[in-house]
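Asker: Here you go, work_28.pdb (PDB, C-alpha atoms and all ligand atoms):
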ATOM      1  CA  MET A   1       2.279  -1.929 -32.746
ATOM      2  CA  GLY A   2       2.493  -5.330 -31.111
ATOM      3  CA  ASP A   3       0.051  -7.052 -28.798
ATOM      4  CA  ILE A   4       0.792  -6.402 -25.152
ATOM      5  CA  LEU A   5      -2.230  -8.225 -23.684
ATOM      6  CA  ILE A   6      -4.328 -10.995 -25.149
ATOM      7  CA  VAL A   7      -7.374 -12.166 -23.221
ATOM      8  CA  ASP A   8      -8.440 -15.385 -24.896
ATOM      9  CA  LYS A   9     -11.888 -16.840 -24.162
ATOM     10  CA  ILE A  10     -11.747 -16.604 -20.395
ATOM     11  CA  ASN A  11     -14.483 -18.051 -18.205
ATOM     12  CA  SER A  12     -14.337 -16.871 -14.609
ATOM     13  CA  TYR A  13     -16.374 -17.626 -11.523
ATOM     14  CA  TYR A  14     -17.129 -16.050  -8.183
ATOM     15  CA  GLY A  15     -17.436 -19.226  -6.182
ATOM     16  CA  LYS A  16     -19.969 -21.312  -8.066
ATOM     17  CA  SER A  17     -21.422 -18.410 -10.066
ATOM     18  CA  HIS A  18     -20.300 -18.338 -13.657
ATOM     19  CA  ILE A  19     -19.625 -14.623 -14.343
ATOM     20  CA  LEU A  20     -17.428 -14.301 -17.467
ATOM     21  CA  PHE A  21     -18.296 -16.144 -20.662
ATOM     22  CA  ASP A  22     -15.564 -16.573 -23.298
ATOM     23  CA  VAL A  23     -14.326 -13.017 -22.819
ATOM     24  CA  SER A  24     -11.728 -12.102 -25.455
ATOM     25  CA  PHE A  25      -9.960  -8.912 -26.459
ATOM     26  CA  THR A  26      -6.488  -7.692 -27.342
ATOM     27  CA  VAL A  27      -4.691  -4.559 -26.212
ATOM     28  CA  LEU A  28      -1.974  -3.130 -28.465
ATOM     29  CA  GLU A  29       1.163  -1.348 -27.314
ATOM     30  CA  GLY A  30       0.610   2.384 -26.921
ATOM     31  CA  GLN A  31      -3.160   2.018 -26.977
ATOM     32  CA  THR A  32      -5.690   3.283 -24.469
ATOM     33  CA  PHE A  33      -8.274   0.510 -24.452
ATOM     34  CA  CYS A  34     -11.524   0.928 -22.546
ATOM     35  CA  LEU A  35     -13.671  -1.912 -21.290
ATOM     36  CA  MET A  36     -17.090  -0.363 -20.847
ATOM     37  CA  GLY A  37     -20.041  -1.743 -18.974
ATOM     38  CA  ARG A  38     -22.746  -1.015 -16.463
ATOM     39  CA  ASN A  39     -22.700  -1.869 -12.775
ATOM     40  CA  GLY A  40     -22.205  -5.583 -12.367
ATOM     41  CA  ALA A  41     -21.384  -6.186 -16.042
ATOM     42  CA  GLY A  42     -18.129  -7.954 -15.245
ATOM     43  CA  LYS A  43     -15.422  -5.281 -15.482
ATOM     44  CA  THR A  44     -13.728  -5.875 -12.148
ATOM     45  CA  ILE A  45     -13.744  -9.648 -12.435
ATOM     46  CA  THR A  46     -12.129  -9.275 -15.868
ATOM     47  CA  PHE A  47      -9.324  -7.198 -14.340
ATOM     48  CA  LYS A  48      -8.996  -9.615 -11.430
ATOM     49  CA  THR A  49      -8.637 -12.443 -13.902
ATOM     50  CA  ILE A  50      -5.986 -10.589 -15.912
ATOM     51  CA  VAL A  51      -3.822 -10.217 -12.790
ATOM     52  CA  MET A  52      -4.790 -13.773 -11.672
ATOM     53  CA  ASP A  53      -6.424 -12.756  -8.406
ATOM     54  CA  ILE A  54      -9.062 -14.976  -9.928
ATOM     55  CA  VAL A  55      -7.800 -17.871 -12.050
ATOM     56  CA  PRO A  56     -10.099 -18.533 -15.004
ATOM     57  CA  LYS A  57     -11.688 -21.946 -15.230
ATOM     58  CA  ASN A  58     -10.654 -22.006 -18.856
ATOM     59  CA  GLY A  59      -9.244 -19.647 -21.416
ATOM     60  CA  LYS A  60      -5.874 -17.950 -21.308
ATOM     61  CA  VAL A  61      -4.220 -14.610 -20.698
ATOM     62  CA  PHE A  62      -1.025 -13.679 -22.525
ATOM     63  CA  PHE A  63       1.006 -10.703 -21.390
ATOM     64  CA  ASN A  64       3.934  -9.398 -23.415
ATOM     65  CA  GLY A  65       4.138 -12.681 -25.302
ATOM     66  CA  LYS A  66       3.985 -14.891 -22.225
ATOM     67  CA  ASP A  67       1.187 -17.168 -21.041
ATOM     68  CA  ILE A  68       0.465 -15.869 -17.522
ATOM     69  CA  THR A  69      -2.615 -18.027 -16.878
ATOM     70  CA  GLY A  70      -2.459 -19.359 -13.335
ATOM     71  CA  MET A  71       0.731 -17.485 -12.397
ATOM     72  CA  LYS A  72       1.012 -15.907  -8.943
ATOM     73  CA  PRO A  73      -0.217 -12.271  -8.948
ATOM     74  CA  TYR A  74       3.046 -10.914  -7.465
ATOM     75  CA  LYS A  75       5.010 -12.531 -10.297
ATOM     76  CA  ILE A  76       2.676 -10.993 -12.841
ATOM     77  CA  ALA A  77       3.178  -7.583 -11.230
ATOM     78  CA  ARG A  78       6.932  -8.058 -11.621
ATOM     79  CA  LEU A  79       6.488  -8.774 -15.321
ATOM     80  CA  GLY A  80       5.097  -5.257 -15.647
ATOM     81  CA  LEU A  81       1.364  -5.432 -15.173
ATOM     82  CA  GLY A  82       0.368  -2.575 -12.891
ATOM     83  CA  LEU A  83      -3.179  -2.658 -11.540
ATOM     84  CA  VAL A  84      -4.898   0.274  -9.878
ATOM     85  CA  PRO A  85      -7.820  -1.531  -8.256
ATOM     86  CA  GLU A  86     -11.329  -0.198  -7.779
ATOM     87  CA  ASP A  87     -10.790   0.300  -4.055
ATOM     88  CA  ARG A  88      -7.573   2.377  -4.290
ATOM     89  CA  ARG A  89      -5.323   0.785  -1.751
ATOM     90  CA  ILE A  90      -2.974   3.412  -0.404
ATOM     91  CA  PHE A  91      -0.900   2.985   2.733
ATOM     92  CA  GLY A  92      -2.654   5.583   4.883
ATOM     93  CA  PRO A  93      -0.155   6.038   7.712
ATOM     94  CA  LEU A  94       2.807   6.351   5.302
ATOM     95  CA  THR A  95       3.587   9.679   3.658
ATOM     96  CA  VAL A  96       2.792  10.370   0.024
ATOM     97  CA  LYS A  97       6.502  10.115  -0.806
ATOM     98  CA  GLU A  98       6.869   6.808   1.041
ATOM     99  CA  ASN A  99       3.889   5.432  -0.881
ATOM    100  CA  LEU A 100       5.578   6.433  -4.130
ATOM    101  CA  ILE A 101       8.895   4.869  -3.144
ATOM    102  CA  LEU A 102       7.083   1.646  -2.283
ATOM    103  CA  GLY A 103       5.663   1.673  -5.809
ATOM    104  CA  ALA A 104       9.179   1.766  -7.204
ATOM    105  CA  ILE A 105      10.269  -1.070  -4.907
ATOM    106  CA  MET A 106       7.347  -3.229  -6.025
ATOM    107  CA  GLY A 107       8.388  -2.800  -9.653
ATOM    108  CA  LYS A 108      12.006  -3.527  -8.906
ATOM    109  CA  GLY A 109      14.288  -4.540 -11.703
ATOM    110  CA  ARG A 110      12.250  -2.915 -14.436
ATOM    111  CA  LYS A 111      13.585   0.198 -16.100
ATOM    112  CA  GLY A 112      11.486   2.948 -17.554
ATOM    113  CA  ILE A 113      10.860   6.650 -17.582
ATOM    114  CA  TRP A 114       9.147   6.898 -14.196
ATOM    115  CA  ASN A 115      10.885   8.194 -11.093
ATOM    116  CA  LEU A 116       9.981  10.674  -8.341
ATOM    117  CA  ASP A 117      10.940  13.715 -10.430
ATOM    118  CA  LEU A 118       8.725  12.776 -13.353
ATOM    119  CA  VAL A 119       5.843  11.767 -11.081
ATOM    120  CA  TYR A 120       6.024  15.133  -9.336
ATOM    121  CA  LYS A 121       5.993  16.843 -12.721
ATOM    122  CA  PHE A 122       2.850  14.956 -13.767
ATOM    123  CA  PHE A 123       1.205  15.206 -10.332
ATOM    124  CA  PRO A 124       2.167  18.597  -8.825
ATOM    125  CA  ILE A 125      -0.305  18.077  -5.990
ATOM    126  CA  LEU A 126       1.626  15.017  -4.821
ATOM    127  CA  LYS A 127       4.829  17.030  -4.680
ATOM    128  CA  GLU A 128       3.093  19.639  -2.581
ATOM    129  CA  PHE A 129       1.740  16.977  -0.204
ATOM    130  CA  GLN A 130       4.756  14.651  -0.280
ATOM    131  CA  SER A 131       5.321  14.749   3.487
ATOM    132  CA  ARG A 132       1.683  14.267   4.486
ATOM    133  CA  PRO A 133       0.291  10.924   5.589
ATOM    134  CA  ALA A 134      -1.461   9.528   2.523
ATOM    135  CA  GLY A 135      -4.589   8.841   4.583
ATOM    136  CA  THR A 136      -5.189  12.578   4.968
ATOM    137  CA  LEU A 137      -5.600  13.135   1.202
ATOM    138  CA  SER A 138      -9.008  13.569  -0.409
ATOM    139  CA  GLY A 139     -10.531  10.747  -2.473
ATOM    140  CA  GLY A 140      -9.417  12.347  -5.721
ATOM    141  CA  GLU A 141      -5.888  12.905  -4.454
ATOM    142  CA  GLN A 142      -5.722   9.314  -3.262
ATOM    143  CA  GLN A 143      -6.770   8.180  -6.726
ATOM    144  CA  MET A 144      -3.915  10.222  -8.203
ATOM    145  CA  LEU A 145      -1.547   8.714  -5.652
ATOM    146  CA  THR A 146      -2.481   5.119  -6.478
ATOM    147  CA  ILE A 147      -1.966   5.817 -10.177
ATOM    148  CA  ALA A 148       1.348   7.583  -9.513
ATOM    149  CA  ARG A 149       2.511   4.796  -7.229
ATOM    150  CA  THR A 150       1.737   2.194  -9.868
ATOM    151  CA  LEU A 151       3.601   4.240 -12.499
ATOM    152  CA  MET A 152       6.652   4.315 -10.183
ATOM    153  CA  GLY A 153       6.943   0.573 -10.847
ATOM    154  CA  ASN A 154       7.304   1.351 -14.573
ATOM    155  CA  PRO A 155       4.550  -1.006 -15.749
ATOM    156  CA  LEU A 156       4.380  -2.070 -19.393
ATOM    157  CA  LEU A 157       0.619  -1.968 -19.062
ATOM    158  CA  LEU A 158      -1.377   0.192 -16.663
ATOM    159  CA  LEU A 159      -4.743  -1.233 -15.599
ATOM    160  CA  LEU A 160      -7.246   1.274 -14.201
ATOM    161  CA  ASP A 161     -10.466  -0.185 -12.846
ATOM    162  CA  GLU A 162     -13.168   2.508 -13.027
ATOM    163  CA  PRO A 163     -10.837   5.379 -12.160
ATOM    164  CA  THR A 164     -13.557   8.076 -12.220
ATOM    165  CA  GLU A 165     -15.911   6.307  -9.830
ATOM    166  CA  GLY A 166     -16.951   8.569  -6.983
ATOM    167  CA  LEU A 167     -14.782  11.489  -8.094
ATOM    168  CA  SER A 168     -15.921  15.100  -8.436
ATOM    169  CA  PRO A 169     -16.156  16.620 -11.940
ATOM    170  CA  VAL A 170     -13.039  18.696 -11.271
ATOM    171  CA  ILE A 171     -10.969  15.627 -10.416
ATOM    172  CA  VAL A 172     -12.416  13.735 -13.376
ATOM    173  CA  LYS A 173     -11.161  16.544 -15.608
ATOM    174  CA  THR A 174      -7.696  16.340 -14.003
ATOM    175  CA  LEU A 175      -7.724  12.604 -14.536
ATOM    176  CA  LYS A 176      -8.692  13.058 -18.172
ATOM    177  CA  ASP A 177      -5.793  15.455 -18.769
ATOM    178  CA  LEU A 178      -3.489  13.046 -16.986
ATOM    179  CA  LEU A 179      -4.471  10.073 -19.144
ATOM    180  CA  LEU A 180      -3.971  12.131 -22.290
ATOM    181  CA  LYS A 181      -0.503  13.124 -21.080
ATOM    182  CA  LEU A 182       0.332   9.520 -20.219
ATOM    183  CA  LYS A 183      -0.639   8.568 -23.725
ATOM    184  CA  GLU A 184       1.742  11.201 -25.115
ATOM    185  CA  VAL A 185       4.646   9.570 -23.308
ATOM    186  CA  GLY A 186       3.681   6.173 -24.729
ATOM    187  CA  THR A 187       1.917   4.552 -21.762
ATOM    188  CA  THR A 188      -0.295   1.599 -22.655
ATOM    189  CA  ILE A 189      -3.526   1.687 -20.683
ATOM    190  CA  LEU A 190      -6.441  -0.674 -20.150
ATOM    191  CA  LEU A 191      -9.211   1.007 -18.240
ATOM    192  CA  SER A 192     -12.751   0.103 -17.322
ATOM    193  CA  GLU A 193     -15.479   2.710 -17.233
ATOM    194  CA  GLN A 194     -19.168   3.385 -17.291
ATOM    195  CA  ASN A 195     -18.654   7.120 -17.810
ATOM    196  CA  ILE A 196     -19.182   7.333 -21.586
ATOM    197  CA  LYS A 197     -18.015  10.912 -21.943
ATOM    198  CA  PHE A 198     -14.783  10.218 -20.105
ATOM    199  CA  ALA A 199     -14.154   7.034 -22.059
ATOM    200  CA  MET A 200     -14.679   8.819 -25.368
ATOM    201  CA  ALA A 201     -12.264  11.584 -24.372
ATOM    202  CA  VAL A 202      -9.352   9.314 -23.470
ATOM    203  CA  SER A 203      -9.683   6.015 -25.374
ATOM    204  CA  ASP A 204      -8.567   4.767 -28.789
ATOM    205  CA  HIS A 205     -10.609   1.612 -28.705
ATOM    206  CA  VAL A 206     -13.568   0.307 -26.720
ATOM    207  CA  ALA A 207     -15.121  -3.039 -25.932
ATOM    208  CA  ILE A 208     -18.468  -3.382 -24.182
ATOM    209  CA  ILE A 209     -19.106  -6.063 -21.619
ATOM    210  CA  ASP A 210     -22.638  -6.932 -20.554
ATOM    211  CA  LYS A 211     -23.687  -9.771 -18.250
ATOM    212  CA  GLY A 212     -20.258 -11.317 -18.659
ATOM    213  CA  TYR A 213     -20.199 -11.308 -22.464
ATOM    214  CA  ILE A 214     -18.276  -9.008 -24.789
ATOM    215  CA  ARG A 215     -21.061  -7.565 -26.954
ATOM    216  CA  TYR A 216     -19.241  -4.996 -29.035
ATOM    217  CA  GLU A 217     -15.798  -3.775 -30.002
ATOM    218  CA  ALA A 218     -14.784  -0.785 -32.111
ATOM    219  CA  GLU A 219     -12.338   2.021 -32.723
ATOM    220  CA  ILE A 220     -13.316   5.102 -30.777
ATOM    221  CA  GLU A 221     -14.483   7.099 -33.810
ATOM    222  CA  THR A 222     -16.963   4.358 -34.715
ATOM    223  CA  PHE A 223     -18.171   4.043 -31.142
ATOM    224  CA  LYS A 224     -18.744   7.791 -30.882
ATOM    225  CA  LYS A 225     -21.311   7.620 -33.685
ATOM    226  CA  ASP A 226     -22.988   4.462 -32.447
ATOM    227  CA  GLU A 227     -25.870   5.874 -30.402
ATOM    228  CA  ASP A 228     -27.879   2.641 -30.482
ATOM    229  CA  ILE A 229     -25.071   0.690 -28.887
ATOM    230  CA  LYS A 230     -24.670   3.251 -26.146
ATOM    231  CA  LYS A 231     -28.391   3.127 -25.431
ATOM    232  CA  GLN A 232     -28.561  -0.629 -25.489
ATOM    233  CA  TYR A 233     -25.648  -1.457 -23.226
ATOM    234  CA  LEU A 234     -24.611   1.644 -21.329
ATOM    235  CA  ALA A 235     -27.637   3.793 -20.604
ATOM    236  CA  VAL A 236     -28.715   3.733 -16.983
TER
HETATM  237  N1  LIG B 301     -18.948 -12.938  -4.370
HETATM  238  C1  LIG B 301     -19.765 -12.991  -5.414
HETATM  239  N2  LIG B 301     -20.512 -14.096  -5.671
HETATM  240  C2  LIG B 301     -21.345 -14.161  -6.738
HETATM  241  N3  LIG B 301     -21.481 -13.169  -7.619
HETATM  242  C3  LIG B 301     -20.778 -12.042  -7.424
HETATM  243  C4  LIG B 301     -19.876 -11.885  -6.317
HETATM  244  N4  LIG B 301     -19.325 -10.666  -6.394
HETATM  245  C5  LIG B 301     -19.843 -10.084  -7.497
HETATM  246  N5  LIG B 301     -20.712 -10.891  -8.117
HETATM  247  C6  LIG B 301     -21.444 -10.615  -9.356
HETATM  248  O1  LIG B 301     -20.543 -10.671 -10.437
HETATM  249  C7  LIG B 301     -20.915  -9.769 -11.465
HETATM  250  C8  LIG B 301     -19.720  -9.009 -11.987
HETATM  251  O2  LIG B 301     -19.178  -8.215 -10.976
HETATM  252  P1  LIG B 301     -18.033  -7.152 -11.232
HETATM  253  O3  LIG B 301     -17.588  -6.681  -9.901
HETATM  254  O4  LIG B 301     -17.000  -7.704 -12.136
HETATM  255  O5  LIG B 301     -18.827  -5.996 -12.002
HETATM  256  P2  LIG B 301     -18.338  -4.549 -12.453
HETATM  257  O6  LIG B 301     -18.627  -4.467 -13.908
HETATM  258  O7  LIG B 301     -16.972  -4.298 -12.005
HETATM  259  O8  LIG B 301     -19.372  -3.606 -11.712
HETATM  260  P3  LIG B 301     -19.181  -2.224 -10.919
HETATM  261  O9  LIG B 301     -19.434  -1.167 -11.942
HETATM  262  O10 LIG B 301     -20.242  -2.281  -9.899
HETATM  263  O11 LIG B 301     -17.804  -2.161 -10.353
HETATM  264  C9  LIG B 301     -21.999  -8.881 -10.860
HETATM  265  O12 LIG B 301     -23.224  -9.199 -11.446
HETATM  266  C10 LIG B 301     -22.008  -9.221  -9.391
HETATM  267  O13 LIG B 301     -23.313  -9.209  -8.894
HETATM  268 MG    MG B 302     -16.137  -2.952 -10.759
END
Translate this structure into structure tokens?
Answerer:
Amino acid sequence: MGDILIVDKINSYYGKSHILFDVSFTVLEGQTFCLMGRNGAGKTITFKTIVMDIVPKNGKVFFNGKDITGMKPYKIARLGLGLVPEDRRIFGPLTVKENLILGAIMGKGRKGIWNLDLVYKFFPILKEFQSRPAGTLSGGEQQMLTIARTLMGNPLLLLLDEPTEGLSPVIVKTLKDLLLKLKEVGTTILLSEQNIKFAMAVSDHVAIIDKGYIRYEAEIETFKKDEDIKKQYLAV
């Protein structure tokens, strides 16, 4: 398995506040990598830096062998980095199907397994609701739609920023099954989470971020046994 994403000692700021300190990690092809951390630990700013919504003051990001540091976000999206942001931006007045087609348009030029048929197979609820305005879907359904729409662009790497946040247990379970199925078809995923149980069920590898520093990194089986680490950095 090759490296698909290398985050190399990034330092990022919100205005004048220094938030990320030499953050480094590597995601391998086919892996589900979870960046774990409490509220305010620095998960979202890490994702924003990876897609260059925030340009790091120093450090570099390599995607699929290419230095993408400082590139325009839309160009990075075209290279195959598909971000599902924390705030789930769907196009409310457009139908579910139109949202999905837009996802394909945004990923134009890149081939892959994803098209409407496969998305409807993975997300039966979206097929059922394909003609509804996306804004009428529930929060959980909208989360599914943003993931499906991003997949329609056939990303090489799917970024999910706290996908379970605010979702009911039933939807979290659906999301878990979905991520496991995505893994089966070879999707490479970087997600952020504070839900330990969810992260342990879907991930191969975890890193923990705390106050802008990476404090820990391990294969999932090691992390599962590491109760002290969970208490120290993830307990509420
Ligand atoms: N505009 C801002 N100016 C200064 N600091 C900010 C700003 N926005 C966020 N922060 C701080 O940056 C830190 C990292 O925020 P970030 O959104 O990356 O955290 P997170 O891990 O995604 O948390 P959450 O679980 O709440 O989504 C937090 O401590 C937050 O208080
Ligand atoms: Mg966040």
Asker: Have a look at CA of Ser192 in chain A and atom O6 of ligand LIG 301 (chain B) and let me know their distance in Å, one decimal.
Answerer: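 Between CA of Ser192 in chain A and atom O6 of ligand LIG 301 (chain B) the gap is 8.2 Å.
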Asker: Determine, for each residue of range 79-155 of chain A having at least one atom at most 9 Å from an atom of range 43-53 of chain A, the closest pair of atoms and their separation in Å to one decimal, counting all atoms listed in the file; order by chain and ascending number, as JSON lines.
Answerer:
{"residue": "A:Leu81", "atom": "CA", "partner": "A:Val51", "partner_atom": "CA", "distance": 7.4}
{"residue": "A:Gly82", "atom": "CA", "partner": "A:Val51", "partner_atom": "CA", "distance": 8.7}
{"residue": "A:Leu83", "atom": "CA", "partner": "A:Val51", "partner_atom": "CA", "distance": 7.7}
{"residue": "A:Pro85", "atom": "CA", "partner": "A:Thr44", "partner_atom": "CA", "distance": 8.3}
{"residue": "A:Glu86", "atom": "CA", "partner": "A:Thr44", "partner_atom": "CA", "distance": 7.6}
Asker: Would you list the residues near (-10.9, -19.6, -24.9), meaning any protein, DNA or RNA residue with an atom at most 12 Å from that point in file coordinates, counting all atoms listed in the file, as a PyMOL selection string?
Answerer: chain A and resi 6-12+20-25+56-62+69
Asker: When you draw a straight line from CA of Ile171 in chain A to CA of Leu137 in chain A, how long is it in Å?
Answerer: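 Interatomic distance here is 13.0 Å.
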Asker: Using only C-alpha atoms and all ligand atoms, find the one residue out of A:Leu159, A:Ala207, A:Ala41, A:Ile125 that sits nearest to ligand MG 302 (chain B).
Answerer: A:Ala41
Asker: I'd like the interatomic distance between CA of Phe198 in chain A and atom O2 of ligand LIG 301 (chain B), to a tenth of an Å.
Answerer: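 Computed distance, CA of Phe198 in chain A to atom O2 of ligand LIG 301 (chain B), equals 21.0 Å.
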Asker: For the file shown, what are the residues hit by the PyMOL selection byres (((chain A and resi 128-130) around 7) and not hetatm), laid out as a PyMOL selection string?
Answerer: chain A and resi 95-97+124-127+131-132
